[in-house]
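Here's the structure, in structure tokens; my notes come after.
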2 protein chains.
Amino acid sequence: MVTKNIKLDVAVVGATGLVGQEMLSILEERKFPVKNLYPFASEISAGEKVKFNGEEVTILPLNKKNIESTSVDIALWSIGSELSLEYIPVAIKAKWINIDNSAAFRMEKDVPLIVPEVNGDKLNSVKRGMVIANPNCSTIQLVQILKPLHDQYGLKRVVVATYQSVSGAGKLAMKELEEQTVNLLNGRSISKQVFPHQIAFTILPHIDDFLDNLYTKEEMKVINESRKILALPDLKITSTCARVPVFYSHSEAVNIEFRKSCSLKDVRSLLSHTEGVKIADDPKRFVYPLNVEATGKNETYVGRIRLDESVESGINLWIVSDNLRKGAALNAVQIAELICNKL
Amino acid sequence: MVTKNIKLDVAVVGATGLVGQEMLSILEERKFPVKNLYPFASEISAGEKVKFNGEEVTILPLNKKNIESTSVDIALWSIGSELSLEYIPVAIKAKWINIDNSAAFRMEKDVPLIVPEVNGDKLNSVKRGMVIANPNCSTIQLVQILKPLHDQYGLKRVVVATYQSVSGAGKLAMKELEEQTVNLLNGRSISKQVFPHQIAFTILPHIDDFLDNLYTKEEMKVINESRKILALPDLKITSTCARVPVFYSHSEAVNIEFRKSCSLKDVRSLLSHTEGVKIADDPKRFVYPLNVEATGKNETYVGRIRLDESVESGINLWIVSDNLRKGAALNAVQIAELICNKL
């Protein structure tokens, strides 16, 4: 939260999307000191209005001219890599401070890739015209638990398998899951637009494009972004990312091998004292992280913590976080708060 | 398939369940040499009929007397551990040869735990009154791919995360997923009977009971049964098992570290020549194993095969198999075929 007495002109670019909408509601929730709000969206939504702090604010079409003519302190972008690459350079020239939720700038050397609780200290100098990248949803929740564990035990190797919700693929993907589900349960045929295969009642081991090394971009984001955020360029980490037929929140099965020995009690205590992380781990009472329970919450939930006997020191655990909140909009707003306190 | 000129009296115990029904249809499909079929089920189903080879066969209530008075050569059991423990000892005395799909006898030293393509050679002596255990669904598909890889490269360590369908939990579980899904999409409240939490649009990191080491029984089945089937009692292997809102077939993300170096080309060639395994791996054309496509098939599908750069030699891959067929009924019938050829 911002404690400083300051008011800023804030743009939300992609204000009609799932993440954009969540950004607006989190700016409200956390009482972000907004002087003027400028919601941008594609030409199709131009003229429509969004609600913000009880007022209706007209959406501006996203184009070069409108960026140049709008005075913005901090802009939260969520419009996908291609459009980010096209318009953020214009916003840089216009001296906006840009927090970008796309993958476009994340791996650039001079662009900070920030999860405030994990590496907020890397954002030491804030200046107008800069870009700060918001990491990928599946990475954020992972580094939240890897960071304290690395500090304590030293990460030796990490193996991740994800169970990612369709909201990560946008509004149309959610509609596709809903419509296919209804049609299948009524014995009707289904149509596909967003996913290459039926998503209703199906597990797709495929998120984002395939690369030459046969990993998906999503899988390489987990690997490369984790390394950058944790400042461990040689971290041994591998991942498999799958889309599952659930609407909200991503689940991850995480296997971690440590350099130093660990005890279950200490791991649990460590994670229970980690900012932004909440323990849900009482299996005999059926308490473990569930996507339907994490949805709408700010914390990343961790449970099913247990020793992995297949290595000298290691654990398995299960983490769940709301991909639209901590995985996207909340993390972006938290970065904006960090910036505020440095302006 | 049985090539021998022989006819046997066959019992299917649990003939009205999901696996029992599948056993009947696979016995038909594979033209198993059945002289008389004796379908057993609980008292509730007694007197009902099942269809087999075009004829209606009356279900016998499962009780001590009926076992003792029925002359059976081979019995396929799928009634859960508790009932297996109660009735299989009676069948042993009655000199039936028992193939049990429950976990009751799997880890007993003198009980063979068989996946025909993997360790069918372990079934060297067949005698009346014996029990052969059918492994757990999530284990069978895993050892099918681990076995050839171990023979070639030596398994160093295996990390598995599963995405298991609700049919593994029986008919009522399937109904629960369907009803909850319909109710949620119509804005109605849901009820729970089988699963401790909502299963529609939810990932549950919980299958079977929790043990003192905080693993579930299902997770320990993957570990212990794999070790027994592969005859690698010290195999380093760990697993996380999750229930996902799909009806049929289990998916698994498998990370394998090898002792010897491997090439992607050789791994692919090896698996493409493995009996019972089919490669589905052309990601740029969106070809990878999918539960909806594996359902009703006999093969275990493998895809997303790629090198794991986090170890000296290792791979990630994705396997999918029909949990009611190769994961249960088909494997049991294949064991019966092995027995036939040894009688």
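We label chains A, B, ... in the order they appear in the structure tokens, count residues from 1 in each chain, and number ligands from 1 in the order shown.
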| message | Distance limit 8 Å, atoms considered: only C-alpha atoms. Which chain A residues sit that close to chain B? Return them as number ranges by chain. | response | A: 157, 159, 161, 163, 178, 182, 185, 196, 200-205, 210, 213-215, 236-238, 240, 244-247, 251, 253, 255, 283-284, 286, 288-292, 304-306, 308-311, 316, 318
| task | as a ChimeraX atom specification, please: all residues of stretch 78-314 of chain B that backbone DSSP puts in alpha helix (DSSP H). | result | /B:81-93,116-119,137-153,171-185,217-230,264-272,291-294
| Sel. of strand (DSSP E) residues, stretch 113-264 of chain A, as a PyMOL selection string | chain A and resi 131-133+155-164+237-243+250-258
Emit the selected residues as a PDB file, in the first residue's frame, including C-alpha atoms.
ATOM      1  CA  VAL A 131       9.821  -0.267 -18.306  1.00  0.00           C
ATOM      2  CA  ILE A 132       9.395  -2.712 -15.450  1.00  0.00           C
ATOM      3  CA  ALA A 133       8.234  -6.163 -16.442  1.00  0.00           C
ATOM      4  CA  LEU A 155      18.228 -24.660  -4.378  1.00  0.00           C
ATOM      5  CA  LYS A 156      19.905 -27.583  -6.117  1.00  0.00           C
ATOM      6  CA  ARG A 157      17.208 -28.465  -8.650  1.00  0.00           C
ATOM      7  CA  VAL A 158      13.519 -27.738  -9.225  1.00  0.00           C
ATOM      8  CA  VAL A 159      10.977 -29.768 -11.246  1.00  0.00           C
ATOM      9  CA  VAL A 160       7.611 -28.129 -11.846  1.00  0.00           C
ATOM     10  CA  ALA A 161       4.373 -29.421 -13.373  1.00  0.00           C
ATOM     11  CA  THR A 162       1.584 -26.890 -13.740  1.00  0.00           C
ATOM     12  CA  TYR A 163      -2.201 -27.168 -13.809  1.00  0.00           C
ATOM     13  CA  GLN A 164      -3.197 -23.793 -15.307  1.00  0.00           C
ATOM     14  CA  ILE A 237      15.038 -26.044 -13.172  1.00  0.00           C
ATOM     15  CA  THR A 238      12.707 -27.739 -15.623  1.00  0.00           C
ATOM     16  CA  SER A 239       8.982 -27.545 -16.205  1.00  0.00           C
ATOM     17  CA  THR A 240       5.938 -29.006 -17.902  1.00  0.00           C
ATOM     18  CA  CYS A 241       2.969 -26.680 -18.326  1.00  0.00           C
ATOM     19  CA  ALA A 242      -0.564 -27.962 -18.854  1.00  0.00           C
ATOM     20  CA  ARG A 243      -3.895 -26.243 -19.327  1.00  0.00           C
ATOM     21  CA  HIS A 250      -3.125 -21.963 -11.309  1.00  0.00           C
ATOM     22  CA  SER A 251      -1.968 -25.029  -9.372  1.00  0.00           C
ATOM     23  CA  GLU A 252       1.603 -26.324  -9.452  1.00  0.00           C
ATOM     24  CA  ALA A 253       3.245 -29.545  -8.267  1.00  0.00           C
ATOM     25  CA  VAL A 254       6.748 -28.500  -7.267  1.00  0.00           C
ATOM     26  CA  ASN A 255       9.625 -30.834  -6.481  1.00  0.00           C
ATOM     27  CA  ILE A 256      12.636 -29.145  -4.911  1.00  0.00           C
ATOM     28  CA  GLU A 257      16.074 -30.563  -4.154  1.00  0.00           C
ATOM     29  CA  PHE A 258      18.161 -28.616  -1.638  1.00  0.00           C
TER      30      PHE A 258
END
| query | Nearest to A:Gly296 among A:Ser272, A:Asn134, A:Ser321, A:Ser102, with distances taken over only C-alpha atoms: which residue is it? | reply |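 Checking each of A:Ser272, A:Asn134, A:Ser321, A:Ser102 against A:Gly296, counting only C-alpha atoms, the winner is A:Ser321.
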